[in-house]
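Okay, upload31.pdb is below, PDB, N, CA, C and O atoms and all ligand atoms:
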```
ATOM      1  N   MET G   1     -64.018-136.035  81.543  1.00  0.00           N
ATOM      2  CA  MET G   1     -62.773-135.955  80.769  1.00  0.00           C
ATOM      3  C   MET G   1     -62.041-137.290  80.846  1.00  0.00           C
ATOM      4  O   MET G   1     -61.821-137.820  81.924  1.00  0.00           O
ATOM      5  N   LYS G   2     -61.651-137.805  79.685  1.00  0.00           N
ATOM      6  CA  LYS G   2     -61.017-139.118  79.643  1.00  0.00           C
ATOM      7  C   LYS G   2     -59.506-138.961  79.446  1.00  0.00           C
ATOM      8  O   LYS G   2     -59.053-138.386  78.458  1.00  0.00           O
ATOM      9  N   ILE G   3     -58.768-139.469  80.416  1.00  0.00           N
ATOM     10  CA  ILE G   3     -57.308-139.387  80.340  1.00  0.00           C
ATOM     11  C   ILE G   3     -56.758-140.799  80.527  1.00  0.00           C
ATOM     12  O   ILE G   3     -57.070-141.458  81.513  1.00  0.00           O
ATOM     13  N   GLU G   4     -55.960-141.249  79.576  1.00  0.00           N
ATOM     14  CA  GLU G   4     -55.455-142.607  79.642  1.00  0.00           C
ATOM     15  C   GLU G   4     -53.930-142.644  79.614  1.00  0.00           C
ATOM     16  O   GLU G   4     -53.282-141.707  79.150  1.00  0.00           O
ATOM     17  N   VAL G   5     -53.418-143.776  80.095  1.00  0.00           N
ATOM     18  CA  VAL G   5     -51.970-143.983  80.063  1.00  0.00           C
ATOM     19  C   VAL G   5     -51.482-143.897  78.616  1.00  0.00           C
ATOM     20  O   VAL G   5     -52.094-144.456  77.711  1.00  0.00           O
ATOM     21  N   GLY G   6     -50.419-143.156  78.414  1.00  0.00           N
ATOM     22  CA  GLY G   6     -49.865-142.987  77.076  1.00  0.00           C
ATOM     23  C   GLY G   6     -50.288-141.692  76.416  1.00  0.00           C
ATOM     24  O   GLY G   6     -49.709-141.293  75.409  1.00  0.00           O
ATOM     25  N   ASP G   7     -51.324-141.036  76.991  1.00  0.00           N
ATOM     26  CA  ASP G   7     -51.758-139.755  76.439  1.00  0.00           C
ATOM     27  C   ASP G   7     -50.736-138.671  76.773  1.00  0.00           C
ATOM     28  O   ASP G   7     -50.045-138.745  77.794  1.00  0.00           O
ATOM     29  N   CYS G   8     -50.699-137.673  75.917  1.00  0.00           N
ATOM     30  CA  CYS G   8     -49.877-136.501  76.181  1.00  0.00           C
ATOM     31  C   CYS G   8     -50.822-135.353  76.527  1.00  0.00           C
ATOM     32  O   CYS G   8     -51.715-135.044  75.751  1.00  0.00           O
ATOM     33  N   VAL G   9     -50.655-134.767  77.715  1.00  0.00           N
ATOM     34  CA  VAL G   9     -51.544-133.683  78.131  1.00  0.00           C
ATOM     35  C   VAL G   9     -50.789-132.356  78.146  1.00  0.00           C
ATOM     36  O   VAL G   9     -49.606-132.296  78.499  1.00  0.00           O
ATOM     37  N   ARG G  10     -51.493-131.318  77.725  1.00  0.00           N
ATOM     38  CA  ARG G  10     -50.915-129.967  77.766  1.00  0.00           C
ATOM     39  C   ARG G  10     -51.571-129.214  78.917  1.00  0.00           C
ATOM     40  O   ARG G  10     -52.792-129.093  78.976  1.00  0.00           O
ATOM     41  N   LEU G  11     -50.758-128.731  79.840  1.00  0.00           N
ATOM     42  CA  LEU G  11     -51.283-128.033  81.006  1.00  0.00           C
ATOM     43  C   LEU G  11     -51.279-126.520  80.808  1.00  0.00           C
ATOM     44  O   LEU G  11     -50.577-125.989  79.967  1.00  0.00           O
ATOM     45  N   LYS G  12     -52.114-125.849  81.620  1.00  0.00           N
ATOM     46  CA  LYS G  12     -52.180-124.388  81.548  1.00  0.00           C
ATOM     47  C   LYS G  12     -50.938-123.761  82.163  1.00  0.00           C
ATOM     48  O   LYS G  12     -50.524-122.672  81.780  1.00  0.00           O
ATOM     49  N   LYS G  13     -50.378-124.486  83.131  1.00  0.00           N
ATOM     50  CA  LYS G  13     -49.244-123.937  83.870  1.00  0.00           C
ATOM     51  C   LYS G  13     -47.935-124.505  83.340  1.00  0.00           C
ATOM     52  O   LYS G  13     -47.805-125.709  83.141  1.00  0.00           O
ATOM     53  N   LYS G  14     -46.971-123.636  83.137  1.00  0.00           N
ATOM     54  CA  LYS G  14     -45.683-124.055  82.577  1.00  0.00           C
ATOM     55  C   LYS G  14     -44.780-124.634  83.658  1.00  0.00           C
ATOM     56  O   LYS G  14     -44.689-124.098  84.756  1.00  0.00           O
ATOM     57  N   HIS G  15     -44.125-125.745  83.322  1.00  0.00           N
ATOM     58  CA  HIS G  15     -43.140-126.306  84.236  1.00  0.00           C
ATOM     59  C   HIS G  15     -41.897-125.403  84.216  1.00  0.00           C
ATOM     60  O   HIS G  15     -41.623-124.746  83.215  1.00  0.00           O
ATOM     61  N   PRO G  16     -41.136-125.363  85.313  1.00  0.00           N
ATOM     62  CA  PRO G  16     -39.930-124.521  85.347  1.00  0.00           C
ATOM     63  C   PRO G  16     -38.965-124.754  84.181  1.00  0.00           C
ATOM     64  O   PRO G  16     -38.209-123.856  83.818  1.00  0.00           O
ATOM     65  N   CYS G  17     -38.978-125.935  83.598  1.00  0.00           N
ATOM     66  CA  CYS G  17     -38.077-126.220  82.482  1.00  0.00           C
ATOM     67  C   CYS G  17     -38.559-125.580  81.177  1.00  0.00           C
ATOM     68  O   CYS G  17     -37.834-125.561  80.192  1.00  0.00           O
ATOM     69  N   GLY G  18     -39.809-125.088  81.170  1.00  0.00           N
ATOM     70  CA  GLY G  18     -40.318-124.413  79.980  1.00  0.00           C
ATOM     71  C   GLY G  18     -41.335-125.211  79.186  1.00  0.00           C
ATOM     72  O   GLY G  18     -41.922-124.709  78.240  1.00  0.00           O
ATOM     73  N   SER G  19     -41.557-126.488  79.583  1.00  0.00           N
ATOM     74  CA  SER G  19     -42.481-127.334  78.842  1.00  0.00           C
ATOM     75  C   SER G  19     -43.895-127.286  79.433  1.00  0.00           C
ATOM     76  O   SER G  19     -44.061-127.162  80.641  1.00  0.00           O
ATOM     77  N   TYR G  20     -44.892-127.391  78.556  1.00  0.00           N
ATOM     78  CA  TYR G  20     -46.290-127.480  78.999  1.00  0.00           C
ATOM     79  C   TYR G  20     -46.806-128.914  78.874  1.00  0.00           C
ATOM     80  O   TYR G  20     -47.908-129.208  79.284  1.00  0.00           O
ATOM     81  N   GLU G  21     -46.032-129.792  78.255  1.00  0.00           N
ATOM     82  CA  GLU G  21     -46.554-131.110  77.900  1.00  0.00           C
ATOM     83  C   GLU G  21     -46.022-132.204  78.808  1.00  0.00           C
ATOM     84  O   GLU G  21     -44.843-132.262  79.157  1.00  0.00           O
ATOM     85  N   TRP G  22     -46.960-133.115  79.161  1.00  0.00           N
ATOM     86  CA  TRP G  22     -46.665-134.205  80.080  1.00  0.00           C
ATOM     87  C   TRP G  22     -47.198-135.516  79.510  1.00  0.00           C
ATOM     88  O   TRP G  22     -48.260-135.551  78.893  1.00  0.00           O
ATOM     89  N   LEU G  23     -46.479-136.596  79.760  1.00  0.00           N
ATOM     90  CA  LEU G  23     -46.920-137.927  79.359  1.00  0.00           C
ATOM     91  C   LEU G  23     -47.565-138.609  80.556  1.00  0.00           C
ATOM     92  O   LEU G  23     -47.026-138.580  81.665  1.00  0.00           O
ATOM     93  N   VAL G  24     -48.729-139.232  80.324  1.00  0.00           N
ATOM     94  CA  VAL G  24     -49.427-139.931  81.401  1.00  0.00           C
ATOM     95  C   VAL G  24     -48.823-141.327  81.579  1.00  0.00           C
ATOM     96  O   VAL G  24     -48.867-142.154  80.671  1.00  0.00           O
ATOM     97  N   LEU G  25     -48.254-141.577  82.758  1.00  0.00           N
ATOM     98  CA  LEU G  25     -47.628-142.876  83.039  1.00  0.00           C
ATOM     99  C   LEU G  25     -48.554-143.796  83.818  1.00  0.00           C
ATOM    100  O   LEU G  25     -48.442-145.017  83.735  1.00  0.00           O
ATOM    101  N   ARG G  26     -49.450-143.215  84.618  1.00  0.00           N
ATOM    102  CA  ARG G  26     -50.367-144.014  85.428  1.00  0.00           C
ATOM    103  C   ARG G  26     -51.638-143.221  85.655  1.00  0.00           C
ATOM    104  O   ARG G  26     -51.589-142.026  85.905  1.00  0.00           O
ATOM    105  N   SER G  27     -52.791-143.896  85.550  1.00  0.00           N
ATOM    106  CA  SER G  27     -54.054-143.205  85.790  1.00  0.00           C
ATOM    107  C   SER G  27     -54.781-143.854  86.951  1.00  0.00           C
ATOM    108  O   SER G  27     -54.413-144.922  87.424  1.00  0.00           O
ATOM    109  N   GLY G  28     -55.829-143.194  87.429  1.00  0.00           N
ATOM    110  CA  GLY G  28     -56.589-143.671  88.581  1.00  0.00           C
ATOM    111  C   GLY G  28     -57.085-142.470  89.358  1.00  0.00           C
ATOM    112  O   GLY G  28     -57.325-141.415  88.790  1.00  0.00           O
ATOM    113  N   ALA G  29     -57.217-142.601  90.666  1.00  0.00           N
ATOM    114  CA  ALA G  29     -57.594-141.456  91.493  1.00  0.00           C
ATOM    115  C   ALA G  29     -56.468-140.437  91.492  1.00  0.00           C
ATOM    116  O   ALA G  29     -56.696-139.231  91.513  1.00  0.00           O
ATOM    117  N   ASP G  30     -55.245-140.956  91.441  1.00  0.00           N
ATOM    118  CA  ASP G  30     -54.074-140.102  91.269  1.00  0.00           C
ATOM    119  C   ASP G  30     -53.390-140.460  89.957  1.00  0.00           C
ATOM    120  O   ASP G  30     -53.385-141.613  89.550  1.00  0.00           O
ATOM    121  N   PHE G  31     -52.792-139.452  89.337  1.00  0.00           N
ATOM    122  CA  PHE G  31     -52.088-139.660  88.083  1.00  0.00           C
ATOM    123  C   PHE G  31     -50.599-139.454  88.281  1.00  0.00           C
ATOM    124  O   PHE G  31     -50.178-138.626  89.064  1.00  0.00           O
ATOM    125  N   ARG G  32     -49.812-140.229  87.538  1.00  0.00           N
ATOM    126  CA  ARG G  32     -48.380-139.982  87.489  1.00  0.00           C
ATOM    127  C   ARG G  32     -48.065-139.421  86.108  1.00  0.00           C
ATOM    128  O   ARG G  32     -48.406-140.020  85.095  1.00  0.00           O
ATOM    129  N   LEU G  33     -47.422-138.271  86.109  1.00  0.00           N
ATOM    130  CA  LEU G  33     -47.089-137.602  84.852  1.00  0.00           C
ATOM    131  C   LEU G  33     -45.588-137.410  84.726  1.00  0.00           C
ATOM    132  O   LEU G  33     -44.897-137.204  85.725  1.00  0.00           O
ATOM    133  N   LYS G  34     -45.100-137.479  83.482  1.00  0.00           N
ATOM    134  CA  LYS G  34     -43.689-137.206  83.215  1.00  0.00           C
ATOM    135  C   LYS G  34     -43.586-135.993  82.311  1.00  0.00           C
ATOM    136  O   LYS G  34     -44.233-135.945  81.254  1.00  0.00           O
ATOM    137  N   CYS G  35     -42.804-135.027  82.740  1.00  0.00           N
ATOM    138  CA  CYS G  35     -42.585-133.830  81.932  1.00  0.00           C
ATOM    139  C   CYS G  35     -41.791-134.201  80.682  1.00  0.00           C
ATOM    140  O   CYS G  35     -40.756-134.852  80.787  1.00  0.00           O
ATOM    141  N   LEU G  36     -42.296-133.757  79.506  1.00  0.00           N
ATOM    142  CA  LEU G  36     -41.601-134.084  78.265  1.00  0.00           C
ATOM    143  C   LEU G  36     -40.403-133.178  78.035  1.00  0.00           C
ATOM    144  O   LEU G  36     -39.604-133.400  77.140  1.00  0.00           O
ATOM    145  N   GLY G  37     -40.280-132.149  78.859  1.00  0.00           N
ATOM    146  CA  GLY G  37     -39.149-131.242  78.713  1.00  0.00           C
ATOM    147  C   GLY G  37     -37.924-131.717  79.471  1.00  0.00           C
ATOM    148  O   GLY G  37     -36.801-131.638  78.985  1.00  0.00           O
ATOM    149  N   CYS G  38     -38.151-132.242  80.690  1.00  0.00           N
ATOM    150  CA  CYS G  38     -36.994-132.551  81.542  1.00  0.00           C
ATOM    151  C   CYS G  38     -37.082-133.938  82.202  1.00  0.00           C
ATOM    152  O   CYS G  38     -36.236-134.283  83.013  1.00  0.00           O
ATOM    153  N   ASP G  39     -38.123-134.727  81.857  1.00  0.00           N
ATOM    154  CA  ASP G  39     -38.304-136.082  82.397  1.00  0.00           C
ATOM    155  C   ASP G  39     -38.643-136.116  83.890  1.00  0.00           C
ATOM    156  O   ASP G  39     -38.629-137.178  84.508  1.00  0.00           O
ATOM    157  N   HIS G  40     -38.929-134.965  84.489  1.00  0.00           N
ATOM    158  CA  HIS G  40     -39.324-134.935  85.899  1.00  0.00           C
ATOM    159  C   HIS G  40     -40.699-135.586  86.047  1.00  0.00           C
ATOM    160  O   HIS G  40     -41.579-135.392  85.217  1.00  0.00           O
ATOM    161  N   GLN G  41     -40.874-136.408  87.106  1.00  0.00           N
ATOM    162  CA  GLN G  41     -42.157-137.078  87.325  1.00  0.00           C
ATOM    163  C   GLN G  41     -42.867-136.502  88.537  1.00  0.00           C
ATOM    164  O   GLN G  41     -42.232-136.182  89.535  1.00  0.00           O
ATOM    165  N   ILE G  42     -44.202-136.401  88.429  1.00  0.00           N
ATOM    166  CA  ILE G  42     -45.015-135.920  89.539  1.00  0.00           C
ATOM    167  C   ILE G  42     -46.221-136.822  89.727  1.00  0.00           C
ATOM    168  O   ILE G  42     -46.636-137.528  88.817  1.00  0.00           O
ATOM    169  N   MET G  43     -46.781-136.804  90.956  1.00  0.00           N
ATOM    170  CA  MET G  43     -48.076-137.415  91.221  1.00  0.00           C
ATOM    171  C   MET G  43     -49.060-136.261  91.406  1.00  0.00           C
ATOM    172  O   MET G  43     -48.758-135.273  92.069  1.00  0.00           O
ATOM    173  N   ILE G  44     -50.242-136.414  90.814  1.00  0.00           N
ATOM    174  CA  ILE G  44     -51.250-135.361  90.927  1.00  0.00           C
ATOM    175  C   ILE G  44     -52.635-135.984  91.003  1.00  0.00           C
ATOM    176  O   ILE G  44     -52.896-136.986  90.321  1.00  0.00           O
ATOM    177  N   ALA G  45     -53.501-135.423  91.858  1.00  0.00           N
ATOM    178  CA  ALA G  45     -54.866-135.923  91.996  1.00  0.00           C
ATOM    179  C   ALA G  45     -55.659-135.622  90.724  1.00  0.00           C
ATOM    180  O   ALA G  45     -55.414-134.623  90.054  1.00  0.00           O
ATOM    181  N   ARG G  46     -56.601-136.500  90.392  1.00  0.00           N
ATOM    182  CA  ARG G  46     -57.397-136.327  89.176  1.00  0.00           C
ATOM    183  C   ARG G  46     -58.075-134.964  89.134  1.00  0.00           C
ATOM    184  O   ARG G  46     -58.072-134.286  88.108  1.00  0.00           O
ATOM    185  N   THR G  47     -58.649-134.558  90.255  1.00  0.00           N
ATOM    186  CA  THR G  47     -59.369-133.275  90.278  1.00  0.00           C
ATOM    187  C   THR G  47     -58.424-132.113  89.977  1.00  0.00           C
ATOM    188  O   THR G  47     -58.775-131.192  89.244  1.00  0.00           O
ATOM    189  N   ALA G  48     -57.222-132.168  90.558  1.00  0.00           N
ATOM    190  CA  ALA G  48     -56.245-131.101  90.327  1.00  0.00           C
ATOM    191  C   ALA G  48     -55.771-131.115  88.878  1.00  0.00           C
ATOM    192  O   ALA G  48     -55.596-130.061  88.257  1.00  0.00           O
ATOM    193  N   LEU G  49     -55.561-132.306  88.340  1.00  0.00           N
ATOM    194  CA  LEU G  49     -55.103-132.430  86.965  1.00  0.00           C
ATOM    195  C   LEU G  49     -56.147-131.883  85.993  1.00  0.00           C
ATOM    196  O   LEU G  49     -55.824-131.113  85.090  1.00  0.00           O
ATOM    197  N   GLU G  50     -57.418-132.245  86.198  1.00  0.00           N
ATOM    198  CA  GLU G  50     -58.473-131.809  85.282  1.00  0.00           C
ATOM    199  C   GLU G  50     -58.603-130.291  85.264  1.00  0.00           C
ATOM    200  O   GLU G  50     -58.921-129.693  84.241  1.00  0.00           O
ATOM    201  N   LYS G  51     -58.348-129.671  86.402  1.00  0.00           N
ATOM    202  CA  LYS G  51     -58.415-128.201  86.462  1.00  0.00           C
ATOM    203  C   LYS G  51     -57.284-127.558  85.668  1.00  0.00           C
ATOM    204  O   LYS G  51     -57.411-126.439  85.202  1.00  0.00           O
ATOM    205  N   ASN G  52     -56.156-128.270  85.576  1.00  0.00           N
ATOM    206  CA  ASN G  52     -54.973-127.680  84.962  1.00  0.00           C
ATOM    207  C   ASN G  52     -54.768-128.039  83.493  1.00  0.00           C
ATOM    208  O   ASN G  52     -53.884-127.499  82.842  1.00  0.00           O
ATOM    209  N   ILE G  53     -55.590-128.949  82.977  1.00  0.00           N
ATOM    210  CA  ILE G  53     -55.404-129.387  81.597  1.00  0.00           C
ATOM    211  C   ILE G  53     -55.949-128.378  80.588  1.00  0.00           C
ATOM    212  O   ILE G  53     -57.045-127.875  80.742  1.00  0.00           O
ATOM    213  N   LYS G  54     -55.146-128.116  79.577  1.00  0.00           N
ATOM    214  CA  LYS G  54     -55.618-127.280  78.480  1.00  0.00           C
ATOM    215  C   LYS G  54     -56.127-128.160  77.340  1.00  0.00           C
ATOM    216  O   LYS G  54     -57.152-127.888  76.762  1.00  0.00           O
ATOM    217  N   SER G  55     -55.382-129.211  77.032  1.00  0.00           N
ATOM    218  CA  SER G  55     -55.822-130.134  75.992  1.00  0.00           C
ATOM    219  C   SER G  55     -55.157-131.495  76.170  1.00  0.00           C
ATOM    220  O   SER G  55     -54.143-131.625  76.852  1.00  0.00           O
ATOM    221  N   ILE G  56     -55.781-132.511  75.544  1.00  0.00           N
ATOM    222  CA  ILE G  56     -55.238-133.873  75.599  1.00  0.00           C
ATOM    223  C   ILE G  56     -54.956-134.345  74.188  1.00  0.00           C
ATOM    224  O   ILE G  56     -55.806-134.236  73.312  1.00  0.00           O
ATOM    225  N   ASN G  57     -53.757-134.849  73.987  1.00  0.00           N
ATOM    226  CA  ASN G  57     -53.419-135.462  72.707  1.00  0.00           C
ATOM    227  C   ASN G  57     -53.410-136.968  72.912  1.00  0.00           C
ATOM    228  O   ASN G  57     -52.444-137.524  73.409  1.00  0.00           O
ATOM    229  N   SER G  58     -54.523-137.591  72.536  1.00  0.00           N
ATOM    230  CA  SER G  58     -54.635-139.026  72.728  1.00  0.00           C
ATOM    231  C   SER G  58     -53.674-139.792  71.845  1.00  0.00           C
ATOM    232  O   SER G  58     -53.407-139.408  70.716  1.00  0.00           O
ATOM    233  N   SER G  59     -53.163-140.903  72.382  1.00  0.00           N
ATOM    234  CA  SER G  59     -52.241-141.727  71.616  1.00  0.00           C
ATOM    235  C   SER G  59     -52.998-142.746  70.757  1.00  0.00           C
ATOM    236  O   SER G  59     -52.409-143.478  69.998  1.00  0.00           O
ATOM    237  N   GLN G  60     -54.340-142.763  70.896  1.00  0.00           N
ATOM    238  CA  GLN G  60     -55.133-143.821  70.259  1.00  0.00           C
ATOM    239  C   GLN G  60     -55.041-143.840  68.737  1.00  0.00           C
ATOM    240  O   GLN G  60     -55.113-144.872  68.118  1.00  0.00           O
ATOM    241  N   ASN G  61     -54.888-142.657  68.144  1.00  0.00           N
ATOM    242  CA  ASN G  61     -54.877-142.620  66.681  1.00  0.00           C
ATOM    243  C   ASN G  61     -53.526-142.991  66.087  1.00  0.00           C
ATOM    244  O   ASN G  61     -53.345-142.969  64.886  1.00  0.00           O
ATOM    245  N   THR G  62     -52.579-143.340  66.947  1.00  0.00           N
ATOM    246  CA  THR G  62     -51.278-143.735  66.423  1.00  0.00           C
ATOM    247  C   THR G  62     -51.031-145.214  66.634  1.00  0.00           C
ATOM    248  O   THR G  62     -49.924-145.712  66.444  1.00  0.00           O
ATOM    249  N   GLU G  63     -52.082-145.929  67.030  1.00  0.00           N
ATOM    250  CA  GLU G  63     -51.922-147.362  67.277  1.00  0.00           C
ATOM    251  C   GLU G  63     -51.594-148.120  66.007  1.00  0.00           C
ATOM    252  O   GLU G  63     -52.076-147.789  64.932  1.00  0.00           O
ATOM    253  N   GLY G  64     -50.806-149.152  66.158  1.00  0.00           N
ATOM    254  CA  GLY G  64     -50.492-149.961  65.012  1.00  0.00           C
ATOM    255  C   GLY G  64     -49.159-149.526  64.457  1.00  0.00           C
ATOM    256  O   GLY G  64     -48.597-150.005  63.562  1.00  0.00           O
TER
HETATM  257 ZN    ZN U   1     -40.030-130.073  83.039  1.00  0.00          ZN
END
```
As structure tokens - that is how I would like this structure written.
Ligand SMILES: [Zn+2]
Amino acid sequence: MKIEVGDCVRLKKKHPCGSYEWLVLRSGADFRLKCLGCDHQIMIARTALEKNIKSINSSQNTEG
């Protein structure tokens, strides 16, 4: 699964604020995500993130 900085990921689990969508701020062995509902930031391990992802909305098609 390919996850890059700038991608918007939809998780299976809802954040307490009600949003399922997160923006990827940093990738690597650990990811930093920002909740699009409340701007809360979290660090999450790649393995944990991949288990929780429902879909990825890549930012690549909006370049330019
Ligand atoms: Zn939130």
Write out as a ChimeraX atom specification each polymer residue (protein, DNA or RNA) that has an atom no more than 6 Å from ligand ZN 1 (chain U), with only N, CA, C and O atoms and all ligand atoms counted. /G:15-19,35-40
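For the set G:Ser58, G:Lys13, G:Asn52, G:Val5, the residue with the smallest atom-to-atom gap to Arg32 (chain G) is G:Val5, counting only C-alpha atoms.
Closest approach to Lys51 (chain G) among G:Lys12, G:Lys2, G:Lys34, G:Arg26 is made by G:Lys12 (distances from all atoms listed in the file).
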Tell me, which residues of chain G carry DSSP alpha helix (DSSP H), written as a list in words? Arg46, Thr47, Ala48, Leu49, Glu50, Lys51 and Asn52 of chain G
Given the file shown, determine the residues that the PyMOL selection byres (((chain G and resi 46) around 6) and not hetatm) selects; report them as a PyMOL selection string. chain G and resi 28-31+44-45+47-51
Evaluate the PyMOL selection byres (((chain G and resi 10) around 7) and not hetatm) and report residues as a short mmCIF file (atom, residue, chain, number, x, y, z; two decimals) with N, CA, C and O atoms, in the coordinates of the input:
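This went into expr-v4.cif:
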```
data_model
loop_
_atom_site.label_atom_id
_atom_site.label_comp_id
_atom_site.auth_asym_id
_atom_site.auth_seq_id
_atom_site.Cartn_x
_atom_site.Cartn_y
_atom_site.Cartn_z
N CYS G 8 -50.70 -137.67 75.92
CA CYS G 8 -49.88 -136.50 76.18
C CYS G 8 -50.82 -135.35 76.53
O CYS G 8 -51.72 -135.04 75.75
N VAL G 9 -50.66 -134.77 77.72
CA VAL G 9 -51.54 -133.68 78.13
C VAL G 9 -50.79 -132.36 78.15
O VAL G 9 -49.61 -132.30 78.50
N LEU G 11 -50.76 -128.73 79.84
CA LEU G 11 -51.28 -128.03 81.01
C LEU G 11 -51.28 -126.52 80.81
O LEU G 11 -50.58 -125.99 79.97
N LYS G 12 -52.11 -125.85 81.62
CA LYS G 12 -52.18 -124.39 81.55
C LYS G 12 -50.94 -123.76 82.16
O LYS G 12 -50.52 -122.67 81.78
N LYS G 13 -50.38 -124.49 83.13
CA LYS G 13 -49.24 -123.94 83.87
C LYS G 13 -47.94 -124.50 83.34
O LYS G 13 -47.80 -125.71 83.14
N TYR G 20 -44.89 -127.39 78.56
CA TYR G 20 -46.29 -127.48 79.00
C TYR G 20 -46.81 -128.91 78.87
O TYR G 20 -47.91 -129.21 79.28
N GLU G 21 -46.03 -129.79 78.26
CA GLU G 21 -46.55 -131.11 77.90
C GLU G 21 -46.02 -132.20 78.81
O GLU G 21 -44.84 -132.26 79.16
N TRP G 22 -46.96 -133.12 79.16
CA TRP G 22 -46.66 -134.21 80.08
C TRP G 22 -47.20 -135.52 79.51
O TRP G 22 -48.26 -135.55 78.89
N ASN G 52 -56.16 -128.27 85.58
CA ASN G 52 -54.97 -127.68 84.96
C ASN G 52 -54.77 -128.04 83.49
O ASN G 52 -53.88 -127.50 82.84
N ILE G 53 -55.59 -128.95 82.98
CA ILE G 53 -55.40 -129.39 81.60
C ILE G 53 -55.95 -128.38 80.59
O ILE G 53 -57.04 -127.88 80.74
N LYS G 54 -55.15 -128.12 79.58
CA LYS G 54 -55.62 -127.28 78.48
C LYS G 54 -56.13 -128.16 77.34
O LYS G 54 -57.15 -127.89 76.76
N SER G 55 -55.38 -129.21 77.03
CA SER G 55 -55.82 -130.13 75.99
C SER G 55 -55.16 -131.50 76.17
O SER G 55 -54.14 -131.62 76.85
N ILE G 56 -55.78 -132.51 75.54
CA ILE G 56 -55.24 -133.87 75.60
C ILE G 56 -54.96 -134.34 74.19
O ILE G 56 -55.81 -134.24 73.31
N ASN G 57 -53.76 -134.85 73.99
CA ASN G 57 -53.42 -135.46 72.71
C ASN G 57 -53.41 -136.97 72.91
O ASN G 57 -52.44 -137.52 73.41
#
```
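Atom pair atom O of Lys14 (chain G) / atom O of Ser59 (chain G): separated by 25.6 Å.
Rounded to one decimal, atom N of Leu23 (chain G) and CA of Ile42 (chain G) lie 9.9 Å from each other.
Backbone DSSP assigns strand (DSSP E or B) in chain G to Cys8, Val9, Arg10, Leu11, Glu21, Trp22, Leu23, Val24, Leu25, Arg26, Asp30, Phe31, Arg32, Leu33, Lys34, Cys35, Gln41, Ile42, Met43, Ile44, Ala45, Ile53, Lys54, Ser55, Ile56 and Asn57 of chain G.
Note that the spacing between atom N of Ser27 (chain G) and atom N of Ile3 (chain G) amounts to 9.0 Å.
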Which residues come within 6 Å of Val24 (chain G), counting only C-alpha atoms, excluding same-chain residues fewer than 5 positions away, as a ChimeraX atom specification? /G:5-7,33
Could you give me the centre and size, in Å to one decimal, of an axis-aligned box around all listed atoms of region 19-37 of chain G with 4 Å added on every side, as JSON?
```
{"center_x": -47.2, "center_y": -135.8, "center_z": 84.3, "size_x": 28.8, "size_y": 26.5, "size_z": 22.4}
```
